[in-house]
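First comes the structure, then the notes that go with it.
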Amino acid sequence: MSPDLSVNICKIKMKNPLVLASGILGVTKASLKHVAGNGAGAVTIKSVSRERREGHNPPIILTEGEVMMNAVGYSNPGLAGAKKEFSGLDEIPVPVIASIIGEDAAQFGYMARNFLTGEFSAVEIPLSCPHTPGFGILGGHGTPEATRDITKAVKRHAKMPVIVKLSANVQAIGEVAKAAEKAGADAINVTNAIGPGMVIDVRAKRPVLGFGFGGLSGPPIRPVAVRCVYDVYESVRIPVIGTGGVTTGEAAAEMLMAGASAVGVGSGVYYRGIDVFKKISDELLGFMREEGYSGIKDMVGIVHD
Amino acid sequence: MTTAQRSERPRMLVIEKITAEAKDTSSFWFTGDLKAKPGQFVMLWIPGTGLKPFGVSYQDDGRFAVTVRKIGTFTEKLFGMKAGDRLGVQGPYGRGFSGKGGRIVLVGGGYGAAPLSFLADELVREGKEVFFINGAATKDHVLYRERFKGGKVHMIYSTDDGSLGHRGFCTDCLTGLLSKHKIGRVFCCGPEMMLRKAFEICLEKDIPAEFSLERHLKCGFGVCGSCCLDGTGWRVCREGPVFALDDMKKIAEFGQYKRDASGRVVKI
């Protein structure tokens with residue numbers, strides 16, 4: 001019998017454990033559909049704020065070999081535009097996860113109340129963006145206290161699972177994860193882009209990114225993400241989504257073994273093409289067959305004794 | 001396991017020369033083997049100002065150029081630069097024109113003539129017969145009048161005010177050509193309403209055609225999602241910017257609307 005790739009994490013039913021990470025594509029419903037058609041198990045929209053934002057001045061993304069850096073700056077059409085954009089989501093054949101942002105718990109609560117519709121399968125709250133003033137790490141959202149307050153505010157209004165996206169930057173990541181769990185989070189996603197870092201063009205004598213610095217992603221950050229997943233798995237009972245530099249089936253298996261129940265894919269869209277989801281699924285299936293795993297659950301957290 | 005190892009960031013290149021092409025329009029030349037295909041684009045970086053996409057308009061003997069019209073803050077800054085100054089260049093990106101077909105018609109509106117002129121050079125090199133319908137607002141805005149003089153490309157001019165060639169739309173000339181000659185393929189680049197008209201003409205006459213679409217690009221290499229098209233979700237910077245006629249039928253927003261830097265829908 002062929003191994004079973006399907007997963008069910010906090011009532012989100014997925015045909016495979018691969019989730020399009022927020023901020024990669026995901027600006028439009030059509031692009032989410034395109035990604036779903038390329039084999040993603042679930043897709044996450046690009047984060048939406050109350051007001052329209054143009055984001056940082058380009059360059060907003062660069063790669064330096066296998067490292068990707070971004071400082072997109074939460075460009076989005078704002079609440080009204082995004083509501084129109086993300087309606088009729090039944091056109092997308094996989095679960096769609098919303099992503100909302102605010103500068104404080106009240107704003108997050110406002111977005112949960114006014115943006116979320118029953119068409120979304122879950123909502124993710126990134127408390128971990130490393131390069132946008134007022135938001136995530138730069139907005140002070142990475143502490144256990146802020147995590148608790150924001151999670152509570154979203155939980156009050158969201159009639160769907162709430163996923164809290166954390167940053168690897170916090171050393172005591174288990175404590176932040178516990179704060180989220182205690183406040184009612186249904187799952188943890190770790191990690192957002194890390195750093196931030198800076199790349200300078202030595203001929204231009206200037207940072208390349210328009211914002212100056214930006215978050216690191218891509219295959220080189222995978223060991224950091226795997227360690228975070230390992231730590232969070234030890235700290236909480238709710239499921240974990242492992243995100244960070246996964247571009248191959250074996251890398252996905254590694255994330256699962258560290259404790260992830262699902263795996264985020266972002267920079268892989270660049271490194272292996274938009275059909276990266278199909279490629280990883282096929283490779284994961286091959287790996288499971290080779291190693292004798294019948295389902296994803298058999299691998300989740302297997303390295304923890 | 002990963003395939004792409006190159007770095008997607010601008011390289012600072014010296015502007016070798018700047019040549020005037022038409023009113024408020026110049027070509028910026030660089031030394032280097034870009035290995036672009038006609039229809040592909042590069043991102044130009046002015047440090048401290050921004051990053052914008054431009055179609056490659058010349059490529060020959062280890063040199064290449066882009067042709068730019070002064071229309072906003074970025075291009076104004078660009079026009080303030082001179083030969084010897086340095087500019088960041090990133091790419092080439094996107095999927096260009098196929099170049100397929102025997103007898104070819106190119107339909108270029110405004111600075112849409114830029115990538116098509118690079119294609120014209122390549123097609124002539126391959127020995128193909130090329131008709132180039134080059135349209136602009138007035139004769140002062142027409143690009144490349146000297147470039148193809150005495151060459152093998154059949155130039156057909158069209159201006160809104162009739163100051164050069166046909167008076168009216170360049171798509172009128174396309175209809176004329178298609179009724180007179182057996183044409184293998186039509187390649188189009190220009191304002192979207194012009195593309196839409198050309199699309200309808202080619203669809204009706206059942207002529208293979210390709211169209212270069214312009215959308216708001218931020219990263220240029222398929223990650224940010226700002227240039228995704230409704231109907232298919234294709235990225236203009238990766239699956240495009242050039243799309244074949246049958247694919248254009250699936251792009252629901254074609255001729256209707258596009259998105260701005262925030263992702264907000266704006267009418268065309």
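Ligands are numbered from 1 in the order shown, residues from 1 within each chain, and chains are lettered A, B, ... in the order they appear in the structure tokens.
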
message: Show me, as a PyMOL selection string, every residue of chain A with an atom at most 9 Å from chain B, counting only C-alpha atoms.
response: chain A and resi 23-35+52-55+57-68+72+74-78+81-82+85+201+203-208+210+219+247-248+266-274

Strand (DSSP E) per DSSP on the backbone: members of stretch 75-218 of chain A, as an MDAnalysis selection string: chainID A and resid 96:99 122:126 162:166 187:190 194:197 200:201 206:207 214:217

Saved selection, atoms kept: N, CA, C and O atoms, as a compact mmCIF listing (two decimals), in the first residue's frame:
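As a result, result_14.txt now contains:
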# COMPACT_ATOMS: atom_id res chain seq x y z
N VAL A 96 -7.63 27.25 2.77
CA VAL A 96 -6.97 28.56 2.69
C VAL A 96 -6.86 29.12 4.11
O VAL A 96 -7.85 29.20 4.84
N ILE A 97 -5.64 29.48 4.46
CA ILE A 97 -5.38 30.04 5.79
C ILE A 97 -5.24 31.55 5.65
O ILE A 97 -4.49 32.04 4.79
N ALA A 98 -5.98 32.30 6.45
CA ALA A 98 -5.89 33.77 6.44
C ALA A 98 -4.65 34.19 7.21
O ALA A 98 -4.12 33.42 8.02
N SER A 99 -4.17 35.39 6.97
CA SER A 99 -3.10 35.94 7.78
C SER A 99 -3.44 37.40 8.03
O SER A 99 -3.70 38.16 7.09
N ALA A 122 -8.52 28.56 8.67
CA ALA A 122 -7.81 28.93 9.89
C ALA A 122 -7.28 30.34 9.70
O ALA A 122 -7.34 30.89 8.60
N VAL A 123 -6.77 30.91 10.78
CA VAL A 123 -6.12 32.22 10.66
C VAL A 123 -4.75 32.14 11.33
O VAL A 123 -4.60 31.53 12.37
N GLU A 124 -3.80 32.75 10.65
CA GLU A 124 -2.44 32.80 11.20
C GLU A 124 -2.15 34.23 11.64
O GLU A 124 -2.51 35.18 10.95
N ILE A 125 -1.50 34.37 12.80
CA ILE A 125 -1.08 35.70 13.24
C ILE A 125 0.44 35.71 13.39
O ILE A 125 1.00 35.08 14.27
N PRO A 126 1.10 36.42 12.46
CA PRO A 126 2.56 36.48 12.53
C PRO A 126 2.99 37.51 13.57
O PRO A 126 2.68 38.68 13.44
N VAL A 162 -6.66 29.15 15.37
CA VAL A 162 -5.72 30.27 15.35
C VAL A 162 -4.29 29.71 15.42
O VAL A 162 -3.94 28.98 16.34
N ILE A 163 -3.50 30.07 14.40
CA ILE A 163 -2.11 29.62 14.33
C ILE A 163 -1.22 30.82 14.67
O ILE A 163 -1.36 31.89 14.05
N VAL A 164 -0.34 30.66 15.63
CA VAL A 164 0.55 31.77 16.00
C VAL A 164 1.92 31.51 15.38
O VAL A 164 2.52 30.45 15.59
N LYS A 165 2.38 32.47 14.58
CA LYS A 165 3.67 32.29 13.90
C LYS A 165 4.77 32.99 14.67
O LYS A 165 4.72 34.21 14.88
N LEU A 166 5.75 32.22 15.10
CA LEU A 166 6.81 32.72 15.98
C LEU A 166 8.12 32.93 15.23
O LEU A 166 8.30 32.47 14.11
N ALA A 187 -2.43 26.17 17.10
CA ALA A 187 -1.20 25.62 16.52
C ALA A 187 -0.13 26.69 16.53
O ALA A 187 -0.42 27.89 16.66
N ILE A 188 1.12 26.25 16.44
CA ILE A 188 2.26 27.17 16.36
C ILE A 188 2.93 26.96 15.01
O ILE A 188 3.14 25.82 14.58
N ASN A 189 3.26 28.05 14.35
CA ASN A 189 4.09 27.97 13.14
C ASN A 189 5.44 28.60 13.47
O ASN A 189 5.50 29.72 13.96
N VAL A 190 6.50 27.85 13.22
CA VAL A 190 7.82 28.40 13.49
C VAL A 190 8.77 27.90 12.40
O VAL A 190 8.73 26.76 12.02
N ILE A 194 14.43 34.88 9.58
CA ILE A 194 15.25 35.16 10.76
C ILE A 194 16.18 36.34 10.51
O ILE A 194 16.19 36.95 9.45
N GLY A 195 16.98 36.66 11.49
CA GLY A 195 17.89 37.79 11.38
C GLY A 195 17.32 38.96 12.17
O GLY A 195 16.99 38.78 13.33
N PRO A 196 17.13 40.10 11.59
CA PRO A 196 17.38 40.42 10.18
C PRO A 196 18.87 40.55 9.86
O PRO A 196 19.70 40.67 10.75
N GLY A 197 19.15 40.53 8.56
CA GLY A 197 20.51 40.68 8.10
C GLY A 197 20.61 41.82 7.10
O GLY A 197 19.61 42.46 6.77
N ILE A 200 25.29 44.40 1.55
CA ILE A 200 25.72 45.70 1.01
C ILE A 200 26.32 45.52 -0.37
O ILE A 200 27.11 44.59 -0.58
N ASP A 201 25.95 46.37 -1.28
CA ASP A 201 26.64 46.38 -2.57
C ASP A 201 27.87 47.27 -2.41
O ASP A 201 27.74 48.48 -2.20
N ARG A 206 26.04 50.84 -0.64
CA ARG A 206 24.71 50.94 -0.06
C ARG A 206 24.14 49.54 0.20
O ARG A 206 24.46 48.61 -0.53
N PRO A 207 23.27 49.40 1.20
CA PRO A 207 22.56 48.13 1.32
C PRO A 207 21.73 47.89 0.07
O PRO A 207 21.23 48.85 -0.53
N GLY A 214 16.82 43.00 6.12
CA GLY A 214 15.67 42.14 5.85
C GLY A 214 15.83 40.77 6.47
O GLY A 214 16.91 40.40 6.94
N GLY A 215 14.75 40.01 6.48
CA GLY A 215 14.73 38.69 7.08
C GLY A 215 15.37 37.65 6.18
O GLY A 215 15.24 37.71 4.96
N LEU A 216 16.07 36.70 6.79
CA LEU A 216 16.74 35.62 6.05
C LEU A 216 15.85 34.39 5.96
O LEU A 216 15.24 34.00 6.95
N SER A 217 15.82 33.80 4.79
CA SER A 217 15.13 32.52 4.61
C SER A 217 15.96 31.68 3.66
O SER A 217 17.10 32.01 3.37

message: Need the shell around stretch 227-229 of chain A: protein/DNA/RNA residues with any atom at most 12 Å away, counting only C-alpha atoms. Skip same-chain ones fewer than 6 positions apart. Format as a ChimeraX atom specification?
response: /A:165-177,187-192,194,221,235-236,238-244,254-264,300-301,303-304

message: Using DSSP assignments from the backbone, pull out every residue in stretch 139-265 of chain A that falls under helix (DSSP H, G or I) and give it to me as number ranges by chain.
response: A: 139, 144-157, 173-182, 219-235, 249-258

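Between atom CA of A:Ala105 and atom CA of A:Val48 the interatomic distance comes to 14.9 Å.
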